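A.B. asks: Before I ask anything, let me first share the structure, which is written out below as C-alpha cells.
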Amino acid sequence: MIIKNNSTRLIITLSFLLIIPFVQKQWFNLYLFSINNISFYSILYYLSGTICPSLICLNSLNNYTNYKFNKNKIYSKIIIKGKALLFLVAINLLFLSYLIADYLYINFDLVSNLFLQGIKLKQPDISQLSFFMLLIAILLIFKKSRLLFKKLILVNFILSSFCIWYIQINNINIDDQFHIYRYFGLNDINIINVFILFAIEISFFMWSFLSYKTNLSDWIVNIPQKRDMIPILNIFIFYFFIIIYYSILT
C-alpha cells in the first residue's frame, strides 16, 4: 500500500512537472508586456521560479531522506564484508563528502558574486578541502547528523536555484569568476544544479544502505533485495523528468 501511494504521488508530481513549464512560458510572454514596470504578471513570473525547486525539495525530503531497508538475514544469501565492504564504504563516503563540500561552496560563491561583491571567496586549497571532507565524513556516520546534512543540502539546492533564476531573468553572464563555471560542459546551469543534487541523492541512498542500523558495527552488509532498490529507481525517474522540465523551460 505504501509503495502504491508513493507511485501515485510520483505520477502526479511528474505530470505537474510536464505542464508547468508551458504555463511559465505564457507568464513570461505576459511579463514581457510590462518588463519595465512592476505588475501582477512580473511578480507571478518571478515567483514561478520557486515552484519546481520547492517541489524537488519536498519530494526529496519526504521520499529520499529517511530510508528503511530489509534487515532479515534469512532472505539474504550473499553478504558483503571485510576488504570489499571497506572499499565500498571508503569510496562512497569520500565521494559523498566531496559532493557536499563542493556543492556548499558553489552556493556560497554564487551568493557572494551576485549580492556580496565586496566579499571575494577564495577557492579552498587541497588541505582545506580535505579537512572539510573529513569533517563531513565523520558527521555522515551518525544518523542524526546525516539527516541534518540532507536537509542542509536541500536548502542549499533551493537557494542555488533562486540564484540561477535571478541570473537568467537579469541576463547575467556566468564567467570564470563563478565556481560553477567549471561545470560548463553541460551548458545549462540549471542542469548542472540538478545533476549535482542527483549525484548526491544516489550517493546518499548508497550510504544510507551501507550504514543502515547495525551494518557498520557488525561490519556485514546484506545484498539488497529488489524492494530495497525501488527508491533508487524512483530517483532516476524523478530527476529524468526534472531535466525534461528544465529543457522545456529553456
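Convention: chains lettered A, B, ... in C-alpha cells order; per-chain residue numbering from 1; ligands numbered from 1 as shown.
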Hey, what's within 10 Å of Asp102 in chain A if we count only C-alpha atoms and toss same-chain stuff fewer than 5 positions away? As a PyMOL selection string, please?
C.D. replies: chain A and resi 96-97+107+123-124+129+132-133+179-180+196
A.B. asks: From the DSSP assignment of the backbone, select every residue of range 17-247 of chain A that is helix (DSSP H, G or I), and format the answer as a ChimeraX atom specification.
C.D. replies: /A:17-33,40-48,51-63,73-75,82-115,126-141,143-169,179-186,189-210,215-218,226-247
A.B. asks: For a quick check of understanding, using only C-alpha atoms, which of A:Leu210, A:Leu44, A:Cys163, A:Ile237 has the smallest distance to Leu88 in chain A?
C.D. replies: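 Ranking A:Leu210, A:Leu44, A:Cys163, A:Ile237 by distance to Leu88 in chain A, first place goes to A:Leu210.
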A.B. asks: Counting only C-alpha atoms, which residue out of A:Thr214, A:Gln24, A:Asn193, A:Asn70 sits closest to Ile56 in chain A?
C.D. replies: A:Asn193
A.B. asks: May I ask which of the residues A:Ile243, A:Leu116, A:Leu148, A:Val194 is the closest one to Ile164 in chain A, counting only C-alpha atoms?
C.D. replies: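 For Ile164 in chain A, the nearest of the given residues is A:Val194.
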A.B. asks: Quick one: distance from CA of Gln128 in chain A to CA of Phe108 in chain A in Å, one decimal?
C.D. replies: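 A separation of 15.7 Å between them.
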A.B. asks: Using only C-alpha atoms, find the one residue out of A:Pro53, A:Asn173, A:Asn234, A:Val89 that sits nearest to Val155 in chain A.
C.D. replies: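 The closest residue to Val155 in chain A is A:Pro53.
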A.B. asks: Find the residue from A:Asn66, A:Ser54, A:Gln177, A:Ser208 that sits nearest to Ser160 in chain A; use only C-alpha atoms when measuring.
C.D. replies: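 Between A:Asn66, A:Ser54, A:Gln177, A:Ser208, the residue approaching Ser160 in chain A most closely is A:Ser54.
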A.B. asks: Looking at only C-alpha atoms, which of A:Phe240, A:Asn171, A:Cys57, A:Leu114 is the one that sits closest to Asn156 in chain A?
C.D. replies: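 Selected residue with least distance to Asn156 in chain A: A:Cys57.
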A.B. asks: Write out as a ChimeraX atom specification all residues of range 3-231 of chain A that backbone DSSP assigns to strand (DSSP E or B).
C.D. replies: /A:79-81,220-222
A.B. asks: Need to verify the contact set: Ser211 in chain A, 9 Å, only C-alpha atoms, exclusion of same-chain residues closer than 2 positions in sequence. Can you return it as a PyMOL selection string?
C.D. replies: chain A and resi 89+141-143+206-209+213-217+221
A.B. asks: Taking C-alpha atoms for each residue, export the selection above as an mmCIF file, in the first residue's frame.
C.D. replies:
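Ended up saving to out_6.cif:
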data_model
loop_
_atom_site.group_PDB
_atom_site.id
_atom_site.type_symbol
_atom_site.label_atom_id
_atom_site.label_comp_id
_atom_site.auth_asym_id
_atom_site.auth_seq_id
_atom_site.Cartn_x
_atom_site.Cartn_y
_atom_site.Cartn_z
ATOM 1 C CA VAL A 89 32.369 2.405 2.473
ATOM 2 C CA ILE A 141 28.481 8.274 10.086
ATOM 3 C CA PHE A 142 25.844 9.339 12.609
ATOM 4 C CA LYS A 143 22.202 9.139 11.587
ATOM 5 C CA MET A 206 24.010 4.097 -1.139
ATOM 6 C CA TRP A 207 25.480 5.451 2.091
ATOM 7 C CA SER A 208 22.122 5.096 3.864
ATOM 8 C CA PHE A 209 22.046 1.457 2.815
ATOM 9 C CA LYS A 213 21.153 0.295 11.626
ATOM 10 C CA THR A 214 23.984 -2.040 12.785
ATOM 11 C CA ASN A 215 25.597 -2.684 9.385
ATOM 12 C CA LEU A 216 28.796 -0.806 10.167
ATOM 13 C CA SER A 217 29.096 -2.000 13.772
ATOM 14 C CA VAL A 221 26.049 -5.779 4.793
#
